[in-house]
file protein.tsv (TSV, C-alpha atoms)
chain	number	residue	atom	x	y	z
A	18	MET	CA	-170.11	-89.45	-7.84
A	19	PRO	CA	-167.14	-87.23	-7.64
A	20	MET	CA	-164.96	-87.34	-4.49
A	21	LYS	CA	-165.07	-84.55	-1.77
A	22	LYS	CA	-161.30	-84.47	-1.14
A	23	PRO	CA	-160.58	-81.95	-3.83
A	24	LYS	CA	-163.11	-79.62	-2.23
A	25	ARG	CA	-161.32	-79.89	1.08
A	26	ALA	CA	-158.07	-79.10	-0.62
A	27	SER	CA	-159.56	-76.05	-2.25
A	28	ALA	CA	-160.96	-74.92	1.06
A	29	ALA	CA	-157.58	-75.40	2.72
A	30	LYS	CA	-155.86	-73.47	-0.04
A	31	ALA	CA	-158.36	-70.66	0.24
A	32	LYS	CA	-157.86	-70.50	3.97
A	33	ALA	CA	-154.12	-70.51	3.52
A	34	GLY	CA	-154.46	-67.70	0.98
A	35	ARG	CA	-156.50	-65.63	3.36
A	36	LYS	CA	-153.85	-66.04	6.07
A	37	THR	CA	-151.13	-65.07	3.66
A	38	SER	CA	-153.01	-61.92	2.61
A	39	ALA	CA	-153.70	-61.00	6.20
A	40	GLY	CA	-150.02	-61.51	7.03
A	41	ARG	CA	-148.96	-59.37	4.13
A	42	SER	CA	-151.40	-56.64	5.19
A	43	LYS	CA	-150.05	-56.66	8.74
A	44	ALA	CA	-146.48	-56.70	7.54
A	45	ALA	CA	-146.97	-53.72	5.19
A	46	PRO	CA	-145.03	-50.65	6.42
A	47	LYS	CA	-146.94	-47.60	7.63
A	48	ARG	CA	-146.90	-44.50	5.47
A	49	LEU	CA	-144.65	-41.82	7.08
A	50	THR	CA	-145.25	-38.04	6.95
A	51	LYS	CA	-142.18	-36.17	5.69
A	52	ARG	CA	-140.87	-33.62	8.25
A	53	PRO	CA	-139.15	-30.37	7.23
A	54	ALA	CA	-135.40	-30.41	7.53
A	55	LYS	CA	-133.96	-28.65	10.59
A	56	PRO	CA	-131.51	-25.80	10.03
A	57	PRO	CA	-127.92	-26.70	10.79
A	58	ARG	CA	-126.80	-25.77	14.30
A	59	ARG	CA	-124.02	-23.20	14.64
A	60	GLY	CA	-120.92	-24.62	16.12
A	61	ALA	CA	-119.36	-23.46	19.40
A	62	SER	CA	-116.48	-21.81	17.56
A	63	GLY	CA	-118.91	-19.57	15.65
A	64	ASP	CA	-120.63	-18.41	18.84
A	65	ASP	CA	-117.31	-17.60	20.52
A	66	GLY	CA	-116.19	-15.59	17.52
A	67	ALA	CA	-119.37	-13.50	17.50
A	68	LYS	CA	-119.13	-12.80	21.23
A	69	ALA	CA	-115.49	-11.76	20.88
A	70	THR	CA	-116.41	-9.35	18.09
A	71	VAL	CA	-119.17	-7.75	20.19
A	72	LYS	CA	-116.86	-7.38	23.19
A	73	ALA	CA	-114.15	-5.80	21.05
A	74	THR	CA	-116.69	-3.34	19.63
A	75	ILE	CA	-117.87	-2.39	23.14
A	76	ARG	CA	-114.27	-1.87	24.30
A	77	GLY	CA	-113.60	0.34	21.31
A	78	LEU	CA	-116.69	2.45	21.98
A	79	ARG	CA	-115.77	2.84	25.66
A	80	THR	CA	-112.28	3.98	24.70
A	81	LYS	CA	-113.67	6.55	22.27
A	82	LEU	CA	-116.10	7.77	24.94
A	83	LYS	CA	-113.27	8.25	27.45
A	84	HIS	CA	-111.24	10.20	24.88
A	85	ALA	CA	-114.28	12.37	24.09
A	86	GLN	CA	-114.95	13.05	27.79
A	87	ARG	CA	-111.30	13.94	28.35
A	88	ARG	CA	-111.40	16.32	25.38
A	89	VAL	CA	-114.56	17.99	26.68
A	90	ALA	CA	-112.90	18.47	30.08
A	91	GLU	CA	-109.84	20.00	28.39
A	92	LEU	CA	-111.98	22.40	26.38
A	93	GLU	CA	-113.95	23.42	29.48
A	94	ALA	CA	-110.71	24.04	31.38
A	95	ALA	CA	-109.34	26.08	28.46
A	96	ALA	CA	-112.51	28.17	28.38
A	97	ASP	CA	-111.95	29.07	32.07
A	98	THR	CA	-108.19	29.71	31.83
A	99	ASP	CA	-106.18	32.71	30.66
A	100	PHE	CA	-103.97	31.36	27.87
A	101	LEU	CA	-101.07	33.75	28.61
A	102	LEU	CA	-100.87	33.54	32.40
A	103	GLU	CA	-102.38	30.07	32.96
A	104	ILE	CA	-104.68	31.25	35.75
A	105	PRO	CA	-108.50	31.47	35.79
A	106	ASN	CA	-109.90	34.11	33.46
A	107	ARG	CA	-112.95	36.18	34.39
A	108	ARG	CA	-115.32	33.31	33.61
A	109	GLY	CA	-113.28	30.84	35.64
A	110	PHE	CA	-112.75	33.20	38.55
A	111	GLU	CA	-116.43	34.15	38.78
A	112	ARG	CA	-117.30	30.47	38.92
A	113	GLU	CA	-114.77	29.88	41.71
A	114	LEU	CA	-116.13	32.90	43.57
A	115	ALA	CA	-119.72	31.64	43.30
A	116	ARG	CA	-118.66	28.23	44.61
A	117	ALA	CA	-116.78	29.82	47.51
A	118	ILE	CA	-119.76	31.93	48.55
A	119	ALA	CA	-122.05	28.88	48.36
A	120	TYR	CA	-119.61	27.07	50.68
A	121	MET	CA	-119.55	30.05	53.06
A	122	LYS	CA	-123.33	30.12	53.20
A	123	ARG	CA	-123.48	26.44	54.06
A	124	TYR	CA	-120.65	26.28	56.58
A	125	ARG	CA	-120.67	29.88	57.90
A	126	ALA	CA	-117.14	30.51	56.62
A	127	SER	CA	-115.58	33.84	55.66
A	128	GLY	CA	-112.98	35.30	53.34
A	129	ALA	CA	-112.01	38.32	51.29
A	130	LEU	CA	-112.04	39.40	47.67
A	131	ILE	CA	-109.25	41.66	46.41
A	132	VAL	CA	-109.37	43.33	43.00
A	133	LEU	CA	-105.94	44.55	41.89
A	134	ASP	CA	-105.11	46.75	38.90
A	135	VAL	CA	-101.61	47.29	37.49
A	136	ASP	CA	-100.88	51.01	37.57
A	137	ARG	CA	-100.40	52.50	34.12
A	138	LEU	CA	-99.34	49.37	32.26
A	139	LYS	CA	-100.25	51.06	28.99
A	140	PRO	CA	-97.07	53.25	28.88
A	141	ILE	CA	-94.96	50.09	29.11
A	142	ASN	CA	-96.82	48.49	26.22
A	143	ASP	CA	-96.60	51.69	24.18
A	144	SER	CA	-92.88	52.25	24.86
A	145	PHE	CA	-91.53	48.70	24.69
A	146	GLY	CA	-94.22	46.60	23.04
A	147	HIS	CA	-96.77	44.12	24.28
A	148	ALA	CA	-94.11	41.46	24.83
A	149	ALA	CA	-92.67	43.66	27.56
A	150	GLY	CA	-96.12	44.17	29.04
A	151	ASP	CA	-96.70	40.40	29.01
A	152	GLU	CA	-93.42	39.91	30.90
A	153	VAL	CA	-94.57	42.38	33.55
A	154	LEU	CA	-97.93	40.61	33.92
A	155	LYS	CA	-96.26	37.20	34.29
A	156	ALA	CA	-93.92	38.55	36.98
A	157	ILE	CA	-96.87	40.04	38.85
A	158	VAL	CA	-98.78	36.74	38.78
A	159	ALA	CA	-95.71	34.88	40.04
A	160	THR	CA	-95.35	37.44	42.87
A	161	LEU	CA	-99.00	37.09	43.89
A	162	ALA	CA	-98.82	33.27	43.75
A	163	ARG	CA	-95.92	33.26	46.20
A	164	GLN	CA	-97.95	35.21	48.75
A	165	VAL	CA	-101.20	33.22	48.75
A	166	ARG	CA	-102.12	29.80	50.07
A	167	ALA	CA	-102.92	26.75	47.95
A	168	SER	CA	-106.61	27.13	48.74
A	169	ASP	CA	-106.67	30.77	47.53
A	170	VAL	CA	-107.42	31.68	43.91
A	171	VAL	CA	-105.66	34.22	41.69
A	172	GLY	CA	-107.52	35.15	38.50
A	173	ARG	CA	-107.29	37.63	35.65
A	174	LEU	CA	-110.45	39.64	35.11
A	175	GLY	CA	-109.09	41.12	31.90
A	176	GLY	CA	-106.30	43.36	30.62
A	177	ASP	CA	-104.25	44.50	33.61
A	178	GLU	CA	-106.91	43.75	36.25
A	179	PHE	CA	-106.63	40.78	38.61
A	180	ALA	CA	-108.74	39.32	41.40
A	181	LEU	CA	-107.79	37.24	44.44
A	182	LEU	CA	-110.09	35.02	46.48
A	183	LEU	CA	-108.64	34.60	49.97
A	184	TRP	CA	-110.10	32.28	52.62
A	185	ASN	CA	-110.58	32.92	56.35
A	186	LEU	CA	-109.48	36.56	56.48
A	187	SER	CA	-110.97	39.35	58.54
A	188	GLU	CA	-111.40	42.78	56.97
A	189	THR	CA	-108.34	44.04	58.84
A	190	ASP	CA	-106.22	41.12	57.66
A	191	ALA	CA	-107.51	41.59	54.10
A	192	LYS	CA	-106.43	45.26	54.10
A	193	ALA	CA	-102.99	44.27	55.35
A	194	LYS	CA	-102.75	41.61	52.65
A	195	ALA	CA	-103.75	44.07	49.94
A	196	ALA	CA	-101.06	46.48	51.11
A	197	ALA	CA	-98.49	43.64	51.03
A	198	PHE	CA	-99.47	42.84	47.43
A	199	GLU	CA	-98.99	46.49	46.45
A	200	ARG	CA	-95.53	46.65	48.06
A	201	ALA	CA	-94.40	43.43	46.43
A	202	ILE	CA	-95.42	44.63	42.98
A	203	ASP	CA	-93.89	48.08	43.57
A	204	GLU	CA	-90.54	46.36	44.21
A	205	LEU	CA	-90.52	44.51	40.87
A	206	SER	CA	-87.97	45.88	38.42
A	207	PHE	CA	-87.39	45.17	34.71
A	208	VAL	CA	-84.92	46.24	32.06
A	209	PHE	CA	-86.21	46.87	28.54
A	210	ARG	CA	-83.91	48.29	25.87
A	211	GLY	CA	-81.44	49.34	28.51
A	212	GLN	CA	-84.01	51.19	30.61
A	213	HIS	CA	-85.18	50.21	34.08
A	214	VAL	CA	-88.94	49.77	34.37
A	215	THR	CA	-91.06	49.40	37.50
A	216	ALA	CA	-94.78	48.79	37.73
A	217	GLY	CA	-97.06	49.45	40.66
A	218	ALA	CA	-100.53	48.17	41.52
A	219	SER	CA	-103.65	49.42	43.28
A	220	ALA	CA	-105.85	47.04	45.32
A	221	GLY	CA	-109.39	47.24	46.66
A	222	ILE	CA	-111.10	44.74	48.96
A	223	ALA	CA	-114.55	43.36	49.77
A	224	SER	CA	-115.32	41.09	52.71
A	225	LEU	CA	-116.96	37.74	51.97
A	226	GLY	CA	-119.33	35.78	54.20
A	227	PRO	CA	-122.58	33.80	54.30
A	228	HIS	CA	-124.62	36.80	53.13
A	229	SER	CA	-122.35	37.81	50.25
A	230	ASP	CA	-123.33	38.03	46.59
A	231	ALA	CA	-120.66	37.37	43.96
A	232	ALA	CA	-121.59	40.18	41.57
A	233	ARG	CA	-122.02	42.72	44.36
A	234	ALA	CA	-118.70	41.73	45.95
A	235	LEU	CA	-116.87	42.24	42.65
A	236	GLU	CA	-118.46	45.67	42.22
A	237	GLU	CA	-117.53	46.67	45.78
A	238	ALA	CA	-113.91	45.55	45.46
A	239	ASP	CA	-113.61	47.17	42.02
A	240	ALA	CA	-114.92	50.50	43.32
A	241	ALA	CA	-112.48	50.37	46.26
A	242	MET	CA	-109.64	49.65	43.83
A	243	TYR	CA	-110.40	52.79	41.78
A	244	VAL	CA	-110.43	54.91	44.94
A	245	ARG	CA	-107.05	53.46	45.89
A	246	LYS	CA	-105.70	54.04	42.36
A	247	ALA	CA	-106.67	57.73	42.57
A	248	HIS	CA	-104.73	58.08	45.84
A	249	ARG	CA	-101.65	56.32	44.48
A	250	ARG	CA	-101.35	58.70	41.56
A	251	HIS	CA	-100.01	61.26	44.04
A	252	GLU	CA	-97.50	58.89	45.64
A	253	PRO	CA	-94.00	59.85	44.42
A	254	ARG	CA	-92.46	56.40	44.92
A	255	ILE	CA	-94.16	54.92	41.83
A	256	TRP	CA	-92.03	55.17	38.71
A	257	LEU	CA	-93.19	53.15	35.74
A	258	VAL	CA	-90.55	54.04	33.17
A	259	GLY	CA	-87.19	55.56	34.05
A	260	SER	CA	-83.52	55.45	33.34
call {"tool": "encode", "arguments": {"input": "protein.tsv", "output": "structure tokens"}}
result
Amino acid sequence: MPMKKPKRASAAKAKAGRKTSAGRSKAAPKRLTKRPAKPPRRGASGDDGAKATVKATIRGLRTKLKHAQRRVAELEAAADTDFLLEIPNRRGFERELARAIAYMKRYRASGALIVLDVDRLKPINDSFGHAAGDEVLKAIVATLARQVRASDVVGRLGGDEFALLLWNLSETDAKAKAAAFERAIDELSFVFRGQHVTAGASAGIASLGPHSDAARALEEADAAMYVRKAHRRHEPRIWLVGS
């Protein structure tokens, strides 16, 4: 009979083989799922550069905006200013008058409006040229400016017609002020082409208060000025052109 030892050996080998297979199965690495690659992170220097660029762009836009706003303000001021005499033109003066009346309505203040017309400026322009007439107008504005307060407004309504907005004046005081303006302008003297030239002015007034209307006040003062101009035509002291 054959011996049983070889069978035991075979059984032992088989058992050992099973252990080895089991060990290899346990030791086998797990299958990994491939993950997508992450995008590279931007460095700190890149972020700082982008922020600096944005800030510089914002600063540039703010600077341009300030320049544009300043230019708009300059254009608005030019639209309200007489380019020759550098005082408010009709548009600018009417706006100042409307603001003043609104203030008077709110705070129960008062004032006066004087419309002043240069007497017969046309002969000066015709005889000596518009440059001479411009010199007369500039001298008149300088004379008026010396006799008003900083809060008052002197404007040019057009041609040889001016308007003055005077604060805190009674009607009596306004009439006295208008007469003073006429005297001061009467005393102005010029020399053109060897000839002495004087120019007079006629003034009309309208009182201003809480119940005033800007357009109506201008009409009232203008009408009073024309009445005064008609009277002054008969006053012998006014000589516009003489030797």
call {"tool": "axis_aligned_box", "arguments": {"input": "protein.tsv", "around": "region 187-196 of chain A", "padding_each_side": "3 Å", "output": "JSON"}}
result
{"center_x": -106.2, "center_y": 42.9, "center_z": 54.4, "size_x": 16.3, "size_y": 13.1, "size_z": 14.9}
call {"tool": "closest_residue", "arguments": {"input": "protein.tsv", "among": "A:Gly146, A:Gly176, A:Pro140, A:Gly217", "to": "Ala201 (chain A)", "atoms": "only C-alpha atoms"}}
result
A:Gly217
call {"tool": "atom_distance", "arguments": {"input": "protein.tsv", "atom1": "CA of Val214 (chain A)", "atom2": "CA of Phe179 (chain A)"}}
result
20.3 Å
call {"tool": "closest_residue", "arguments": {"input": "protein.tsv", "among": "A:Gly77, A:Gly221, A:Gly226, A:Gly175", "to": "Leu114 (chain A)", "atoms": "all atoms listed in the file"}}
result
A:Gly226
call {"tool": "atom_distance", "arguments": {"input": "protein.tsv", "atom1": "CA of Leu174 (chain A)", "atom2": "CA of Pro105 (chain A)"}}
result
8.4 Å
call {"tool": "atom_distance", "arguments": {"input": "protein.tsv", "atom1": "CA of Glu199 (chain A)", "atom2": "CA of Ser229 (chain A)"}}
result
25.2 Å
call {"tool": "closest_residue", "arguments": {"input": "protein.tsv", "among": "A:Ala126, A:Ile75, A:Val171, A:Leu154", "to": "Ile202 (chain A)", "atoms": "all atoms listed in the file"}}
result
A:Leu154
call {"tool": "residues_around", "arguments": {"input": "protein.tsv", "residues": "Tyr124 (chain A)", "least_positions_apart": "6", "cutoff": "12 Å", "atoms": "only C-alpha atoms", "output": "list of chain:residue names"}}
result
A:Ala117, A:Ile118, A:Gly226, A:Pro227, A:His228
call {"tool": "write_last_selection", "arguments": {"input": "protein.tsv", "atoms": "C-alpha atoms", "output": "short mmCIF file (atom, residue, chain, number, x, y, z; two decimals), in the coordinates of the input"}}
result
data_model
loop_
_atom_site.label_atom_id
_atom_site.label_comp_id
_atom_site.auth_asym_id
_atom_site.auth_seq_id
_atom_site.Cartn_x
_atom_site.Cartn_y
_atom_site.Cartn_z
CA ALA A 117 -116.78 29.82 47.51
CA ILE A 118 -119.76 31.93 48.55
CA GLY A 226 -119.33 35.78 54.20
CA PRO A 227 -122.58 33.80 54.30
CA HIS A 228 -124.62 36.80 53.13
#
call {"tool": "residues_around", "arguments": {"input": "protein.tsv", "residues": "Asp169 (chain A)", "least_positions_apart": "3", "cutoff": "8 Å", "atoms": "only C-alpha atoms", "output": "MDAnalysis selection string"}}
result
chainID A and resid 165:166 181:184
